[in-house]
file structure_36.csv (CSV, C-alpha atoms)
chain,number,residue,atom,x,y,z
A,6,MET,CA,86.9,126.1,106.3
A,7,TYR,CA,88.8,123.1,107.5
A,8,LEU,CA,85.8,120.9,107.0
A,9,SER,CA,84.9,122.2,103.5
A,10,ILE,CA,88.5,121.6,102.3
A,11,PHE,CA,88.7,118.1,103.5
A,12,THR,CA,85.2,116.6,103.0
A,13,GLY,CA,85.4,115.9,99.3
A,14,LYS,CA,88.7,114.1,99.5
A,15,LEU,CA,87.6,112.2,102.6
A,16,ASN,CA,84.4,111.0,100.9
A,17,LEU,CA,86.6,109.4,98.1
A,18,LEU,CA,88.7,107.7,100.8
A,19,ILE,CA,85.6,106.4,102.6
A,20,VAL,CA,84.2,104.9,99.4
A,21,LYS,CA,87.5,103.2,98.8
A,22,ILE,CA,87.6,101.8,102.3
A,23,LEU,CA,84.0,100.5,102.0
A,24,GLN,CA,85.1,98.8,98.8
A,25,LEU,CA,88.0,97.2,100.6
A,26,SER,CA,85.8,95.9,103.3
A,27,LEU,CA,83.3,94.3,100.9
A,28,MET,CA,86.2,92.6,99.0
A,29,MET,CA,87.6,91.3,102.3
A,30,VAL,CA,84.2,89.8,103.2
A,31,VAL,CA,84.0,88.0,99.8
A,32,CYS,CA,87.6,86.7,100.2
A,33,LEU,CA,87.0,85.5,103.7
A,34,ILE,CA,83.8,83.7,102.8
A,35,SER,CA,85.7,81.9,100.1
A,36,SER,CA,88.6,81.0,102.5
A,37,CYS,CA,86.1,79.6,105.1
A,38,SER,CA,84.8,77.1,102.6
A,39,LYS,CA,88.3,75.6,102.4
A,40,ASP,CA,88.7,75.3,106.2
A,41,SER,CA,89.2,71.6,107.1
A,42,GLU,CA,87.9,72.0,110.6
A,43,GLN,CA,84.2,71.5,111.4
A,44,PRO,CA,82.3,74.5,112.9
A,45,GLN,CA,82.0,74.4,116.6
A,46,PRO,CA,78.4,74.2,117.8
A,47,VAL,CA,77.2,77.5,119.2
A,48,SER,CA,75.1,77.5,122.3
A,49,LYS,CA,73.9,81.1,122.0
A,50,ILE,CA,74.0,84.0,119.6
A,51,MET,CA,72.9,87.5,120.7
A,52,LEU,CA,72.9,90.2,118.1
A,53,ASN,CA,73.0,94.0,118.7
A,54,VAL,CA,73.5,93.8,122.4
A,55,SER,CA,73.9,97.3,123.9
A,56,TYR,CA,77.1,98.0,125.9
A,57,GLY,CA,76.4,101.7,126.3
A,58,PRO,CA,73.6,104.3,125.8
A,59,ASP,CA,74.5,105.4,122.3
A,60,PRO,CA,72.8,103.6,119.4
A,61,SER,CA,76.2,102.8,117.9
A,62,GLN,CA,77.4,101.1,121.1
A,63,LYS,CA,76.3,97.6,120.1
A,64,MET,CA,77.9,94.2,119.7
A,65,ASP,CA,77.1,90.7,118.5
A,66,VAL,CA,77.9,87.9,121.0
A,67,TYR,CA,78.7,84.3,120.0
A,68,LEU,CA,79.1,81.9,122.9
A,69,PRO,CA,80.4,78.4,122.3
A,70,ALA,CA,78.8,75.2,123.5
A,71,ASN,CA,79.8,74.3,127.1
A,72,ASN,CA,81.3,77.7,127.8
A,73,SER,CA,82.9,78.1,131.2
A,74,THR,CA,84.2,80.9,133.3
A,75,THR,CA,87.4,79.0,133.8
A,76,SER,CA,88.1,77.8,130.3
A,77,THR,CA,86.3,79.9,127.7
A,78,LYS,CA,88.6,82.6,126.3
A,79,VAL,CA,87.4,85.8,124.6
A,80,ILE,CA,88.0,87.3,121.2
A,81,ILE,CA,86.8,90.9,120.7
A,82,MET,CA,86.7,91.9,117.0
A,83,ILE,CA,87.0,95.6,115.9
A,84,HIS,CA,86.1,96.6,112.4
A,85,GLY,CA,88.0,99.1,110.2
A,86,GLY,CA,86.8,102.0,108.1
A,87,GLY,CA,89.2,104.9,108.8
A,88,TRP,CA,87.4,105.6,112.1
A,89,THR,CA,84.6,107.3,110.1
A,90,THR,CA,82.8,104.5,108.5
A,91,GLY,CA,82.3,100.7,108.6
A,92,ASP,CA,80.2,98.3,110.6
A,93,LYS,CA,80.7,95.1,112.5
A,94,SER,CA,78.7,93.3,109.8
A,95,ALA,CA,81.7,93.7,107.4
A,96,ILE,CA,83.8,91.3,109.5
A,97,THR,CA,81.0,89.0,110.7
A,98,PRO,CA,82.5,86.3,108.4
A,99,TYR,CA,85.5,86.3,110.6
A,100,VAL,CA,83.4,84.7,113.3
A,101,ASP,CA,83.0,81.5,111.4
A,102,SER,CA,86.6,81.4,110.4
A,103,LEU,CA,87.8,82.0,114.0
A,104,LYS,CA,85.3,79.5,115.6
A,105,ARG,CA,86.5,76.8,113.2
A,106,ARG,CA,90.0,77.2,114.5
A,107,LEU,CA,89.6,78.4,118.1
A,108,THR,CA,86.8,76.3,119.5
A,109,ASP,CA,87.4,77.3,123.1
A,110,TYR,CA,86.7,81.1,122.5
A,111,ALA,CA,83.6,83.2,122.7
A,112,VAL,CA,83.5,86.0,120.1
A,113,PHE,CA,82.3,89.5,120.6
A,114,ASN,CA,82.0,91.7,117.4
A,115,ILE,CA,81.6,95.3,118.4
A,116,ASN,CA,80.5,98.6,116.8
A,117,TYR,CA,81.6,102.0,118.0
A,118,ARG,CA,80.7,105.6,117.4
A,119,LEU,CA,82.0,106.8,114.1
A,120,SER,CA,83.9,110.1,113.8
A,121,ALA,CA,81.9,112.6,111.8
A,122,PHE,CA,83.7,115.9,112.3
A,123,PRO,CA,83.0,117.8,114.5
A,124,ILE,CA,80.9,115.0,116.2
A,125,ASN,CA,82.4,111.9,117.8
A,126,ILE,CA,86.0,112.9,117.0
A,127,PHE,CA,88.8,111.0,118.7
A,128,PRO,CA,89.1,109.7,121.3
A,129,ALA,CA,85.4,108.7,121.2
A,130,GLN,CA,86.4,105.4,119.4
A,131,GLU,CA,89.1,104.6,121.9
A,132,LEU,CA,86.7,105.2,124.8
A,133,ASP,CA,84.0,103.0,123.1
A,134,VAL,CA,86.4,100.1,122.9
A,135,LYS,CA,87.3,100.6,126.5
A,136,THR,CA,83.6,100.7,127.5
A,137,ALA,CA,82.8,97.6,125.5
A,138,ILE,CA,85.6,95.6,127.2
A,139,GLU,CA,84.5,96.8,130.6
A,140,HIS,CA,80.9,95.8,129.8
A,141,ILE,CA,82.0,92.3,128.7
A,142,TYR,CA,84.3,91.9,131.7
A,143,ASN,CA,81.7,92.9,134.2
A,144,LYS,CA,79.3,90.4,132.7
A,145,ARG,CA,81.8,87.6,132.4
A,146,ASN,CA,79.8,85.4,134.9
A,147,GLU,CA,76.6,85.9,132.9
A,148,TYR,CA,78.4,85.2,129.6
A,149,GLY,CA,80.3,82.2,131.1
A,150,ILE,CA,83.7,83.5,130.0
A,151,SER,CA,87.2,83.6,131.6
A,152,GLU,CA,89.4,86.6,132.0
A,153,LYS,CA,91.6,85.7,129.0
A,154,PHE,CA,90.7,88.5,126.5
A,155,VAL,CA,92.2,88.8,123.0
A,156,LEU,CA,91.7,91.7,120.6
A,157,ILE,CA,91.6,91.3,116.8
A,158,GLY,CA,91.2,94.3,114.5
A,159,GLU,CA,91.5,95.3,110.9
A,160,SER,CA,92.9,98.7,109.7
A,161,ALA,CA,91.4,101.4,112.0
A,162,GLY,CA,90.1,98.6,114.2
A,163,ALA,CA,93.6,97.1,114.5
A,164,HIS,CA,94.8,100.6,115.7
A,165,LEU,CA,92.0,100.6,118.3
A,166,ALA,CA,92.9,97.0,119.4
A,167,MET,CA,96.6,97.8,119.8
A,168,LEU,CA,95.9,101.1,121.5
A,169,HIS,CA,93.7,99.6,124.2
A,170,ALA,CA,95.9,96.5,124.7
A,171,TYR,CA,99.1,98.6,125.2
A,172,LYS,CA,97.5,101.5,127.1
A,173,TYR,CA,95.1,99.9,129.6
A,174,ASN,CA,95.6,97.3,132.3
A,175,ALA,CA,92.2,97.6,133.8
A,176,PRO,CA,89.7,96.1,134.2
A,177,VAL,CA,91.5,93.2,132.6
A,178,LYS,CA,95.0,92.8,131.0
A,179,ILE,CA,94.6,91.9,127.4
A,180,LYS,CA,96.5,88.6,126.7
A,181,SER,CA,97.2,89.1,123.0
A,182,VAL,CA,96.4,91.2,119.9
A,183,ALA,CA,96.1,90.4,116.2
A,184,SER,CA,96.5,93.4,113.9
A,185,LEU,CA,95.6,93.2,110.3
A,186,PHE,CA,97.2,96.2,108.5
A,187,GLY,CA,96.7,98.6,111.4
A,188,PRO,CA,98.3,102.1,111.9
A,189,ALA,CA,100.3,102.5,115.1
A,190,ASP,CA,102.0,105.9,114.9
A,191,LEU,CA,99.5,108.6,113.9
A,192,VAL,CA,102.1,111.3,113.8
A,193,ASP,CA,104.1,109.4,111.3
A,194,MET,CA,101.0,108.5,109.4
A,195,TYR,CA,100.1,112.2,109.1
A,196,ASN,CA,103.5,113.5,108.3
A,197,ASN,CA,104.6,110.6,106.0
A,198,PRO,CA,101.5,109.3,104.2
A,199,VAL,CA,102.0,106.4,101.8
A,200,ASN,CA,103.3,107.7,98.4
A,201,GLY,CA,102.9,111.2,99.7
A,202,ASN,CA,99.1,111.0,99.4
A,203,ILE,CA,97.9,114.1,101.2
A,204,ASN,CA,94.4,112.7,101.2
A,205,ILE,CA,95.5,110.2,103.9
A,206,SER,CA,96.8,113.1,106.1
A,207,GLN,CA,93.7,115.1,105.6
A,208,ALA,CA,91.3,112.2,106.3
A,209,LEU,CA,93.3,111.4,109.5
A,210,ALA,CA,93.1,114.9,110.7
A,211,LEU,CA,89.3,115.0,110.1
A,212,ALA,CA,88.8,111.8,112.0
A,213,ILE,CA,91.0,112.9,114.9
A,214,GLY,CA,89.5,116.5,114.8
A,215,LYS,CA,92.9,118.2,114.7
A,216,THR,CA,96.3,118.0,113.1
A,217,PRO,CA,99.4,117.0,115.0
A,218,LEU,CA,100.5,120.6,115.0
A,219,GLN,CA,97.3,121.7,116.6
A,220,ASP,CA,97.2,119.0,119.3
A,221,PRO,CA,100.5,117.0,119.5
A,222,ALA,CA,99.5,115.4,122.8
A,223,LEU,CA,96.3,113.9,121.3
A,224,TYR,CA,98.3,112.3,118.5
A,225,THR,CA,100.9,111.0,120.9
A,226,ASN,CA,98.3,109.6,123.3
A,227,SER,CA,96.4,108.0,120.4
A,228,SER,CA,99.4,106.2,119.0
A,229,PRO,CA,99.8,102.6,120.2
A,230,VAL,CA,103.5,102.4,119.5
A,231,ASN,CA,104.1,105.0,122.2
A,232,PHE,CA,102.8,102.7,124.9
A,233,ILE,CA,104.9,99.6,124.3
A,234,THR,CA,107.1,98.8,127.3
A,235,PRO,CA,108.2,95.6,129.0
A,236,ALA,CA,105.4,96.2,131.6
A,237,LEU,CA,102.6,97.2,129.2
A,238,GLY,CA,103.5,95.2,126.1
A,239,VAL,CA,101.1,92.5,124.9
A,240,PRO,CA,102.0,89.5,122.6
A,241,THR,CA,101.1,90.7,119.2
A,242,ILE,CA,100.9,89.3,115.7
A,243,LEU,CA,100.9,91.8,112.9
A,244,LEU,CA,99.8,91.0,109.3
A,245,HIS,CA,100.4,93.5,106.6
A,246,GLY,CA,100.5,93.9,102.8
A,247,GLY,CA,103.8,95.0,101.4
A,248,LEU,CA,102.1,97.2,98.9
A,249,ASP,CA,99.6,98.7,101.3
A,250,GLU,CA,98.6,102.1,99.9
A,251,LEU,CA,96.8,103.5,102.9
A,252,VAL,CA,98.8,102.2,106.0
A,253,SER,CA,102.5,101.9,105.4
A,254,PRO,CA,103.9,98.4,106.3
A,255,ALA,CA,106.6,100.4,108.2
A,256,GLN,CA,103.9,101.0,110.8
A,257,SER,CA,103.8,97.2,111.6
A,258,VAL,CA,107.5,96.9,111.3
A,259,ASN,CA,108.0,99.7,113.9
A,260,VAL,CA,105.6,97.9,116.3
A,261,ARG,CA,107.4,94.6,115.9
A,262,ASN,CA,110.8,96.3,116.6
A,263,LYS,CA,109.5,98.0,119.7
A,264,LEU,CA,108.0,94.7,121.0
A,265,VAL,CA,111.2,92.8,120.3
A,266,ASN,CA,113.2,95.5,122.2
A,267,ALA,CA,110.8,95.3,125.1
A,268,GLY,CA,111.1,91.5,125.2
A,269,ILE,CA,107.4,90.9,124.2
A,270,ALA,CA,106.4,88.0,122.1
A,271,SER,CA,105.6,89.1,118.6
A,272,GLN,CA,105.3,88.0,115.0
A,273,LEU,CA,105.3,90.0,111.8
A,274,VAL,CA,103.7,88.5,108.7
A,275,LEU,CA,104.3,90.5,105.5
A,276,TYR,CA,102.5,89.6,102.2
A,277,PRO,CA,104.9,91.3,99.8
A,278,THR,CA,102.5,91.6,96.8
A,279,LYS,CA,99.3,92.5,98.7
A,280,ALA,CA,97.7,95.9,99.4
A,281,HIS,CA,95.3,97.1,102.0
A,282,GLY,CA,93.0,94.1,102.2
A,283,TYR,CA,91.0,94.4,99.1
A,284,ASP,CA,93.3,92.2,97.1
A,285,TRP,CA,93.8,89.6,99.9
A,286,ASP,CA,92.5,86.5,98.2
A,287,SER,CA,91.2,83.3,99.9
A,288,ILE,CA,94.7,81.8,100.1
A,289,THR,CA,96.0,84.9,101.8
A,290,PHE,CA,93.2,85.0,104.4
A,291,PHE,CA,93.4,81.3,104.9
A,292,ASP,CA,97.1,81.7,105.7
A,293,ALA,CA,96.6,84.8,107.9
A,294,PHE,CA,94.0,83.1,110.1
A,295,ASN,CA,96.1,79.9,110.4
A,296,LYS,CA,98.9,82.1,111.6
A,297,ILE,CA,96.7,83.9,114.1
A,298,GLN,CA,95.4,80.6,115.4
A,299,ALA,CA,99.0,79.3,115.9
A,300,PHE,CA,100.1,82.5,117.6
A,301,LEU,CA,97.2,82.5,120.0
A,302,THR,CA,97.6,78.8,120.8
A,303,VAL,CA,101.1,79.5,122.0
A,304,ASN,CA,100.6,82.9,123.7
A,305,VAL,CA,97.1,82.5,125.3
A,306,PRO,CA,97.3,79.0,126.8
call {"tool": "encode", "arguments": {"input": "structure_36.csv", "output": "structure tokens"}}
result
Amino acid sequence: MYLSIFTGKLNLLIVKILQLSLMMVVCLISSCSKDSEQPQPVSKIMLNVSYGPDPSQKMDVYLPANNSTTSTKVIIMIHGGGWTTGDKSAITPYVDSLKRRLTDYAVFNINYRLSAFPINIFPAQELDVKTAIEHIYNKRNEYGISEKFVLIGESAGAHLAMLHAYKYNAPVKIKSVASLFGPADLVDMYNNPVNGNINISQALALAIGKTPLQDPALYTNSSPVNFITPALGVPTILLHGGLDELVSPAQSVNVRNKLVNAGIASQLVLYPTKAHGYDWDSITFFDAFNKIQAFLTVNVP
């Protein structure tokens, strides 16, 4: 009964999210053409590398020229799509934009198992991110990378990035996070959807597998904002549209406030007239990636 009620509305939301991702790619490609920096030569590209036994547990690896276990930092990118759809290919254009700005980084663009109720419901996605990071860390000598790991995610991928960074210290402590319009408090997202849109609550419950009332502990343990402490906090830059109709900008504001209270470096960038990514034009993306570059330069020396 639960599935039959929610599936129709969820499909509409998935279509919208896919449209957003496609628009983001178009905008980012346009922004990259305006970058003043020259692309960094890439010594090696490995596509669809397995980090686990499931066919979805794959990643693309981009290693810079002259990479070194002492100096080459790591960016791990995590795509969005409401935890139920999406693919690393949607944010592949980010690789070029990041490499133009951050020439001393290797980039890993990961896929993860998608929630398809009742299969692969949460925390499958959280565990896949953890597994991918463990795989990369364990092969750091082979890849020629240091232990300075950074996570960058969009939407649901930003949620997964923040969740891992704030929740786990092993096998490596994440040095910084960049969240593009990511949810951080799933209980609040369910109980107070943007504009009272119940489709958001229903889609979230379908991805998680239960409602907050059915499993409050799962929602609490899946909300990054609950893990921010002086000991576990990670320097974070949050970028959000002020008119986001899927993830309230209050989610990013709440994270920023908790980071400030915990004494953790943070930056909140609000684009007042922008929504959930699909209307982020080349100028907005250009500004966003410049700000990410500046934040990482300071916080991941």
call {"tool": "closest_residue", "arguments": {"input": "structure_36.csv", "among": "A:Thr136, A:Asn71, A:Asn304, A:Gln272", "to": "Pro58 in chain A", "atoms": "all atoms listed in the file"}}
result
A:Thr136
call {"tool": "closest_residue", "arguments": {"input": "structure_36.csv", "among": "A:Leu107, A:Glu139, A:Ser253, A:Asn226", "to": "Phe300 in chain A", "atoms": "all atoms listed in the file"}}
result
A:Leu107
call {"tool": "residues_around", "arguments": {"input": "structure_36.csv", "residues": "range 275-278 of chain A", "least_positions_apart": "6", "cutoff": "10 Å", "atoms": "only C-alpha atoms", "output": "VMD selection string"}}
result
chain A and resid 186 243 to 249 254 257 to 258 284 to 285 289 293
call {"tool": "residues_near_point", "arguments": {"input": "structure_36.csv", "point": "(86.5, 94.6, 126.9)", "cutoff": "10 Å", "atoms": "all atoms listed in the file", "output": "list in words"}}
result
Val79, Ile80, Ile81, Phe113, Ile115, Asp133, Val134, Lys135, Thr136, Ala137, Ile138, Glu139, His140, Ile141, Tyr142, Asn143, Glu152, Phe154, Val155, Leu156, His169, Ala170, Ala175, Pro176, Val177, Lys178 and Ile179 of chain A
call {"tool": "write_last_selection", "arguments": {"input": "structure_36.csv", "atoms": "C-alpha atoms", "output": "mmCIF file, keeping the file's coordinate frame"}}
result
data_model
loop_
_atom_site.group_PDB
_atom_site.id
_atom_site.type_symbol
_atom_site.label_atom_id
_atom_site.label_comp_id
_atom_site.auth_asym_id
_atom_site.auth_seq_id
_atom_site.Cartn_x
_atom_site.Cartn_y
_atom_site.Cartn_z
ATOM 1 C CA VAL A 79 87.400 85.800 124.600
ATOM 2 C CA ILE A 80 88.000 87.300 121.200
ATOM 3 C CA ILE A 81 86.800 90.900 120.700
ATOM 4 C CA PHE A 113 82.300 89.500 120.600
ATOM 5 C CA ILE A 115 81.600 95.300 118.400
ATOM 6 C CA ASP A 133 84.000 103.000 123.100
ATOM 7 C CA VAL A 134 86.400 100.100 122.900
ATOM 8 C CA LYS A 135 87.300 100.600 126.500
ATOM 9 C CA THR A 136 83.600 100.700 127.500
ATOM 10 C CA ALA A 137 82.800 97.600 125.500
ATOM 11 C CA ILE A 138 85.600 95.600 127.200
ATOM 12 C CA GLU A 139 84.500 96.800 130.600
ATOM 13 C CA HIS A 140 80.900 95.800 129.800
ATOM 14 C CA ILE A 141 82.000 92.300 128.700
ATOM 15 C CA TYR A 142 84.300 91.900 131.700
ATOM 16 C CA ASN A 143 81.700 92.900 134.200
ATOM 17 C CA GLU A 152 89.400 86.600 132.000
ATOM 18 C CA PHE A 154 90.700 88.500 126.500
ATOM 19 C CA VAL A 155 92.200 88.800 123.000
ATOM 20 C CA LEU A 156 91.700 91.700 120.600
ATOM 21 C CA HIS A 169 93.700 99.600 124.200
ATOM 22 C CA ALA A 170 95.900 96.500 124.700
ATOM 23 C CA ALA A 175 92.200 97.600 133.800
ATOM 24 C CA PRO A 176 89.700 96.100 134.200
ATOM 25 C CA VAL A 177 91.500 93.200 132.600
ATOM 26 C CA LYS A 178 95.000 92.800 131.000
ATOM 27 C CA ILE A 179 94.600 91.900 127.400
#
call {"tool": "atom_distance", "arguments": {"input": "structure_36.csv", "atom1": "CA of Glu159 in chain A", "atom2": "CA of Gly91 in chain A"}}
result
10.9 Å
call {"tool": "residues_around", "arguments": {"input": "structure_36.csv", "residues": "Thr74 in chain A", "least_positions_apart": "6", "cutoff": "10 Å", "atoms": "only C-alpha atoms", "output": "ChimeraX atom specification"}}
result
/A:145-153
call {"tool": "atom_distance", "arguments": {"input": "structure_36.csv", "atom1": "CA of Leu119 in chain A", "atom2": "CA of Gln298 in chain A"}}
result
29.5 Å
call {"tool": "build_atoms", "arguments": {"input": "structure_36.csv", "residues": "range 266-281 of chain A", "atoms": "N, CA and C atoms", "output": "PDB file, keeping the file's coordinate frame"}}
result
ATOM      1  N   ASN A 266     112.331  94.793 121.255  1.00  0.00           N
ATOM      2  CA  ASN A 266     113.200  95.500 122.200  1.00  0.00           C
ATOM      3  C   ASN A 266     112.689  95.446 123.620  1.00  0.00           C
ATOM      4  N   ALA A 267     111.362  95.334 123.762  1.00  0.00           N
ATOM      5  CA  ALA A 267     110.800  95.300 125.100  1.00  0.00           C
ATOM      6  C   ALA A 267     110.680  93.821 125.611  1.00  0.00           C
ATOM      7  N   GLY A 268     111.116  92.875 124.791  1.00  0.00           N
ATOM      8  CA  GLY A 268     111.100  91.500 125.200  1.00  0.00           C
ATOM      9  C   GLY A 268     109.706  90.870 125.189  1.00  0.00           C
ATOM     10  N   ILE A 269     108.828  91.402 124.326  1.00  0.00           N
ATOM     11  CA  ILE A 269     107.400  90.900 124.200  1.00  0.00           C
ATOM     12  C   ILE A 269     107.310  90.007 123.019  1.00  0.00           C
ATOM     13  N   ALA A 270     106.620  88.895 123.179  1.00  0.00           N
ATOM     14  CA  ALA A 270     106.400  88.000 122.100  1.00  0.00           C
ATOM     15  C   ALA A 270     105.690  88.667 120.923  1.00  0.00           C
ATOM     16  N   SER A 271     106.173  88.438 119.708  1.00  0.00           N
ATOM     17  CA  SER A 271     105.600  89.100 118.600  1.00  0.00           C
ATOM     18  C   SER A 271     105.881  88.311 117.287  1.00  0.00           C
ATOM     19  N   GLN A 272     105.070  88.567 116.270  1.00  0.00           N
ATOM     20  CA  GLN A 272     105.300  88.000 115.000  1.00  0.00           C
ATOM     21  C   GLN A 272     104.834  88.953 113.896  1.00  0.00           C
ATOM     22  N   LEU A 273     105.665  89.163 112.895  1.00  0.00           N
ATOM     23  CA  LEU A 273     105.300  90.000 111.800  1.00  0.00           C
ATOM     24  C   LEU A 273     105.181  89.181 110.525  1.00  0.00           C
ATOM     25  N   VAL A 274     104.007  89.251 109.891  1.00  0.00           N
ATOM     26  CA  VAL A 274     103.700  88.500 108.700  1.00  0.00           C
ATOM     27  C   VAL A 274     103.509  89.526 107.552  1.00  0.00           C
ATOM     28  N   LEU A 275     104.419  89.560 106.595  1.00  0.00           N
ATOM     29  CA  LEU A 275     104.300  90.500 105.500  1.00  0.00           C
ATOM     30  C   LEU A 275     103.918  89.682 104.210  1.00  0.00           C
ATOM     31  N   TYR A 276     102.903  90.144 103.517  1.00  0.00           N
ATOM     32  CA  TYR A 276     102.500  89.600 102.200  1.00  0.00           C
ATOM     33  C   TYR A 276     103.000  90.567 101.157  1.00  0.00           C
ATOM     34  N   PRO A 277     104.162  90.322 100.564  1.00  0.00           N
ATOM     35  CA  PRO A 277     104.900  91.300  99.800  1.00  0.00           C
ATOM     36  C   PRO A 277     104.079  91.947  98.623  1.00  0.00           C
ATOM     37  N   THR A 278     103.203  91.161  98.002  1.00  0.00           N
ATOM     38  CA  THR A 278     102.500  91.600  96.800  1.00  0.00           C
ATOM     39  C   THR A 278     101.092  92.144  97.106  1.00  0.00           C
ATOM     40  N   LYS A 279     100.706  92.194  98.386  1.00  0.00           N
ATOM     41  CA  LYS A 279      99.300  92.500  98.700  1.00  0.00           C
ATOM     42  C   LYS A 279      99.217  93.991  99.214  1.00  0.00           C
ATOM     43  N   ALA A 280      98.020  94.561  98.991  1.00  0.00           N
ATOM     44  CA  ALA A 280      97.700  95.900  99.400  1.00  0.00           C
ATOM     45  C   ALA A 280      96.940  95.971 100.675  1.00  0.00           C
ATOM     46  N   HIS A 281      95.979  96.905 100.784  1.00  0.00           N
ATOM     47  CA  HIS A 281      95.300  97.100 102.000  1.00  0.00           C
ATOM     48  C   HIS A 281      94.008  96.295 102.160  1.00  0.00           C
TER      49      HIS A 281
END
